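Trainee: Here it is: the structure, laid out below.
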Amino acid sequence: MSDDIPSDSPESFPEPFPVLFLAAGRVAGLLDADTALRSQRAAFTALGDGTADLPGKIMHPSRFDDSVVFSYVSRLSADSGTVAKFGSVNPGNAAAGLPTVHAVITVLDPVTGRLAAVLDGTTVTTLRTAAASAVAVDALAVPDAADLAVLGSGTQALAHTRAIARVRELKSVRLWSPTPEHRARAAETLAVELDLPVEPAGTAEAAVTGASLVAACTLSTTPVVRGQWLALGCTVVSVGSFEPSRREVDAEVVRRARECGAVVVDDPATAAEHAGPVVKALREGLLTPEDLIPLGGVLTGRRTARDGPEDIVYYNSVGLGIQDAAAAWAVVEAARADGAGEGERR
């Protein structure tokens, strides 16, 4: 009998790392602001280079209520295994002060496919979404953009303000959401955290008018940002229009960006199917598929989004599995470097 170990024998594989079980607080500690930003630059650079695996996402509106179930699968590189995220969007959570997105993430070993980690997906989603928007702002906005308008007062609105403050020296923030108590509380929280003048705005128009940066972080099915309000040179980021029925910006935002600037998306094929304002503009002939510029193309220098300081740039993100893959592996690597033990449940 041969002494050789069959190639598919368990002994032929390296000793696996312990399986990690990382709760929300532990994930937040490992995925700090700079780590989150690096992970999202890596995600979109891999997309721009064409080196990532990105199967189509699943978004399924419930027949029972206004929730949406979703599932993403992606792989960033040969050195990092497949990552899957499963969860739901529950708009009613906002009224209770809860995140509208809840999810769980599983991470597989790149060599064997064995389970490597289970992570709180809600925290990953919040931090990677805001970090990706900050990466987009850094790539698309004029260098001296310093006045931020935020639409929304929930988890993503706060996270976006914090993340954008990492890539631009903000001078002021104006924040609007439909409920006066919510926007006042959010403004107070951010003013203390960031040591910035953060004002609750009485209307969306008052928040947006004159701003050089606009971040729309709502689940609105009707526009909260109108193109006629936008100042020359403005960069608009929208993360709430992740399905065809949701449109945070009106057609005038899209028109002005297409005619004097650029319409940038996280992934053109995904945006054409899921991003409400983009789906509508394509259907009505306001946009063509060739008008959609991928953020990864801008980061890798293959595409240009802004030709001058007065261009208006609109960035729509529906969220991609590659963002979760990059963020999840950043968390796993940080946990391993921190000496995480088997079955860690912190």
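How things are named: the first chain in the structure tokens is A, the next is B, and so on; residues count from 1 in each chain; ligands count from 1 in the order shown.
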Would you tabulate, counting only C-alpha atoms, all residues of segment 100-162 of chain A that have an atom at most 9 Å from an atom of segment 279-297 of chain A, showing the closest pair of atoms and their distance in Å to one decimal, sorted by chain then ascending number, as a tab-separated table?
Mentor:
```
residue	atom	partner	partner_atom	distance
A:Ala136	CA	A:Leu295	CA	7.0
A:Ala139	CA	A:Leu295	CA	8.4
A:Leu140	CA	A:Leu295	CA	8.9
```
Trainee: Output N, CA and C atoms for every residue in the selection just made, as a short mmCIF file (atom, residue, chain, number, x, y, z; two decimals), in the first residue's frame.
Mentor:
```cif
data_model
loop_
_atom_site.label_atom_id
_atom_site.label_comp_id
_atom_site.auth_asym_id
_atom_site.auth_seq_id
_atom_site.Cartn_x
_atom_site.Cartn_y
_atom_site.Cartn_z
N ALA A 136 -16.68 56.91 -2.75
CA ALA A 136 -17.23 57.57 -3.93
C ALA A 136 -17.09 59.08 -3.84
N ALA A 139 -13.61 60.12 -4.59
CA ALA A 139 -13.24 59.99 -6.00
C ALA A 139 -13.99 60.96 -6.91
N LEU A 140 -15.19 61.38 -6.50
CA LEU A 140 -16.06 62.12 -7.40
C LEU A 140 -16.24 63.59 -7.06
#
```
Trainee: Mind checking which residues fall within 8 Å of Ala116 of chain A, counting only C-alpha atoms, ignoring those fewer than 2 positions away in the same chain, and posting them as a PyMOL selection string?
Mentor: chain A and resi 17-20+106-109+114+118
Trainee: Run DSSP on the backbone and tell me which residues of segment 123-258 of chain A come out as helix (DSSP H, G or I); list them as JSON, numbers by chain.
Mentor: {"A": [123, 124, 125, 126, 127, 128, 129, 130, 131, 132, 133, 134, 135, 136, 137, 138, 139, 140, 155, 156, 157, 158, 159, 160, 161, 162, 163, 164, 165, 166, 167, 180, 181, 182, 183, 184, 185, 186, 187, 188, 189, 190, 191, 192, 193, 194, 204, 205, 206, 207, 208, 227, 228, 229, 251, 252, 253, 254, 255, 256, 257, 258]}
Trainee: Please return as an MDAnalysis selection string: the residues of segment 241-344 of chain A that backbone DSSP assigns to strand (DSSP E or B).
Mentor: chainID A and resid 249 261:265 292:294 312:316
Trainee: Go ahead and save the picked residues with N, CA, C and O atoms, as a CSV table (one decimal), in the first residue's frame.
Mentor:
```
chain,number,residue,atom,x,y,z
A,249,VAL,N,-34.1,60.4,-5.8
A,249,VAL,CA,-33.9,61.6,-6.6
A,249,VAL,C,-34.8,61.7,-7.7
A,249,VAL,O,-35.3,60.6,-8.2
A,261,GLY,N,-21.9,66.5,-16.4
A,261,GLY,CA,-21.3,65.7,-15.3
A,261,GLY,C,-21.3,64.3,-15.6
A,261,GLY,O,-20.9,63.8,-16.7
A,262,ALA,N,-21.8,63.5,-14.7
A,262,ALA,CA,-21.8,62.0,-14.9
A,262,ALA,C,-22.8,61.4,-14.0
A,262,ALA,O,-23.1,61.9,-12.9
A,263,VAL,N,-23.3,60.2,-14.4
A,263,VAL,CA,-24.1,59.3,-13.6
A,263,VAL,C,-23.2,58.1,-13.3
A,263,VAL,O,-22.9,57.4,-14.2
A,264,VAL,N,-22.9,57.9,-12.1
A,264,VAL,CA,-22.0,56.9,-11.6
A,264,VAL,C,-22.7,55.9,-10.8
A,264,VAL,O,-23.6,56.3,-10.0
A,265,VAL,N,-22.5,54.6,-10.9
A,265,VAL,CA,-23.2,53.6,-10.2
A,265,VAL,C,-22.1,52.6,-9.7
A,265,VAL,O,-21.0,52.5,-10.1
A,292,LEU,N,-23.9,54.9,-18.0
A,292,LEU,CA,-23.6,54.5,-16.6
A,292,LEU,C,-22.1,54.2,-16.4
A,292,LEU,O,-21.6,53.3,-17.0
A,293,ILE,N,-21.5,55.0,-15.5
A,293,ILE,CA,-20.1,54.9,-15.3
A,293,ILE,C,-19.9,54.1,-14.0
A,293,ILE,O,-20.4,54.5,-12.9
A,294,PRO,N,-19.1,53.0,-14.0
A,294,PRO,CA,-18.9,52.2,-12.8
A,294,PRO,C,-17.9,52.9,-11.9
A,294,PRO,O,-16.9,53.5,-12.4
A,312,ILE,N,-22.0,68.4,-12.3
A,312,ILE,CA,-22.8,67.7,-11.2
A,312,ILE,C,-22.7,66.2,-11.4
A,312,ILE,O,-22.9,65.7,-12.5
A,313,VAL,N,-22.4,65.5,-10.3
A,313,VAL,CA,-22.2,64.1,-10.4
A,313,VAL,C,-23.2,63.4,-9.5
A,313,VAL,O,-23.3,63.8,-8.3
A,314,TYR,N,-23.9,62.4,-10.0
A,314,TYR,CA,-24.8,61.7,-9.3
A,314,TYR,C,-24.4,60.2,-9.1
A,314,TYR,O,-24.1,59.6,-10.1
A,315,TYR,N,-24.2,59.7,-7.9
A,315,TYR,CA,-23.8,58.4,-7.6
A,315,TYR,C,-24.9,57.6,-7.0
A,315,TYR,O,-25.4,58.0,-5.9
A,316,ASN,N,-25.4,56.5,-7.6
A,316,ASN,CA,-26.4,55.7,-7.0
A,316,ASN,C,-25.8,54.3,-6.7
A,316,ASN,O,-25.2,53.7,-7.5
```
Trainee: Kindly indicate which residue among A:Arg75, A:Gly240, A:Val225, A:Leu170 lies nearest to Thr100 of chain A, using only C-alpha atoms for the distances.
Mentor: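 So, comparing all the options, the nearest one is A:Gly240.
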Trainee: Quick one: residues within 10 Å of Val69 of chain A, only C-alpha atoms counted, chain neighbours fewer than 3 positions away excluded, as a list in words?
Mentor: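 Those residues are Ile58, Met59, His60, Pro61, Ser62, Phe86, Gly87, Ser88, Val89, Asn90, Val101, His102 and Ala103 of chain A.
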Trainee: If you count only C-alpha atoms, which residues fall within 8 Å of Ala327 of chain A, apart from same-chain ones fewer than 3 positions away, as a list in words?
Mentor: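 Final neighbour list, sorted by chain and number: Leu31, Ala36, Ser39, Gln40, Val124, Arg128, Gln323, Asp324, Ala330 and Val331 of chain A.
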Trainee: Save out the residues we just selected, N, CA and C atoms, as a PDB file, in the first residue's frame.
Mentor:
```
ATOM      1  N   LEU A  31     -13.943  46.509  12.505  1.00  0.00           N
ATOM      2  CA  LEU A  31     -14.114  47.234  11.245  1.00  0.00           C
ATOM      3  C   LEU A  31     -14.177  48.736  11.537  1.00  0.00           C
ATOM      4  N   ALA A  36     -12.643  50.029   7.199  1.00  0.00           N
ATOM      5  CA  ALA A  36     -13.817  49.975   6.328  1.00  0.00           C
ATOM      6  C   ALA A  36     -13.553  50.689   5.004  1.00  0.00           C
ATOM      7  N   SER A  39     -11.295  48.579   2.850  1.00  0.00           N
ATOM      8  CA  SER A  39     -11.996  47.410   2.310  1.00  0.00           C
ATOM      9  C   SER A  39     -12.842  47.789   1.103  1.00  0.00           C
ATOM     10  N   GLN A  40     -13.482  48.939   1.149  1.00  0.00           N
ATOM     11  CA  GLN A  40     -14.355  49.329   0.047  1.00  0.00           C
ATOM     12  C   GLN A  40     -13.568  49.826  -1.165  1.00  0.00           C
ATOM     13  N   VAL A 124     -21.940  45.048   9.535  1.00  0.00           N
ATOM     14  CA  VAL A 124     -21.125  45.092   8.320  1.00  0.00           C
ATOM     15  C   VAL A 124     -21.813  45.937   7.253  1.00  0.00           C
ATOM     16  N   ARG A 128     -19.983  49.221   5.832  1.00  0.00           N
ATOM     17  CA  ARG A 128     -19.440  49.134   4.469  1.00  0.00           C
ATOM     18  C   ARG A 128     -20.213  50.037   3.518  1.00  0.00           C
ATOM     19  N   GLN A 323     -18.873  44.214  -1.775  1.00  0.00           N
ATOM     20  CA  GLN A 323     -18.633  45.095  -0.633  1.00  0.00           C
ATOM     21  C   GLN A 323     -18.628  44.298   0.660  1.00  0.00           C
ATOM     22  N   ASP A 324     -19.561  43.370   0.780  1.00  0.00           N
ATOM     23  CA  ASP A 324     -19.617  42.523   1.963  1.00  0.00           C
ATOM     24  C   ASP A 324     -18.407  41.593   2.028  1.00  0.00           C
ATOM     25  N   ALA A 330     -11.911  41.660   5.848  1.00  0.00           N
ATOM     26  CA  ALA A 330     -11.156  42.600   6.672  1.00  0.00           C
ATOM     27  C   ALA A 330     -11.411  42.327   8.154  1.00  0.00           C
ATOM     28  N   VAL A 331     -12.662  42.015   8.485  1.00  0.00           N
ATOM     29  CA  VAL A 331     -13.012  41.690   9.875  1.00  0.00           C
ATOM     30  C   VAL A 331     -12.351  40.382  10.304  1.00  0.00           C
TER      31      VAL A 331
END
```
Trainee: List the spatial neighbours of Val142 of chain A as a ChimeraX atom specification - criterion: any atom at most 9 Å away, only C-alpha atoms, same-chain residues fewer than 5 positions off excluded.
Mentor: /A:137,212,233-235,306,308-310
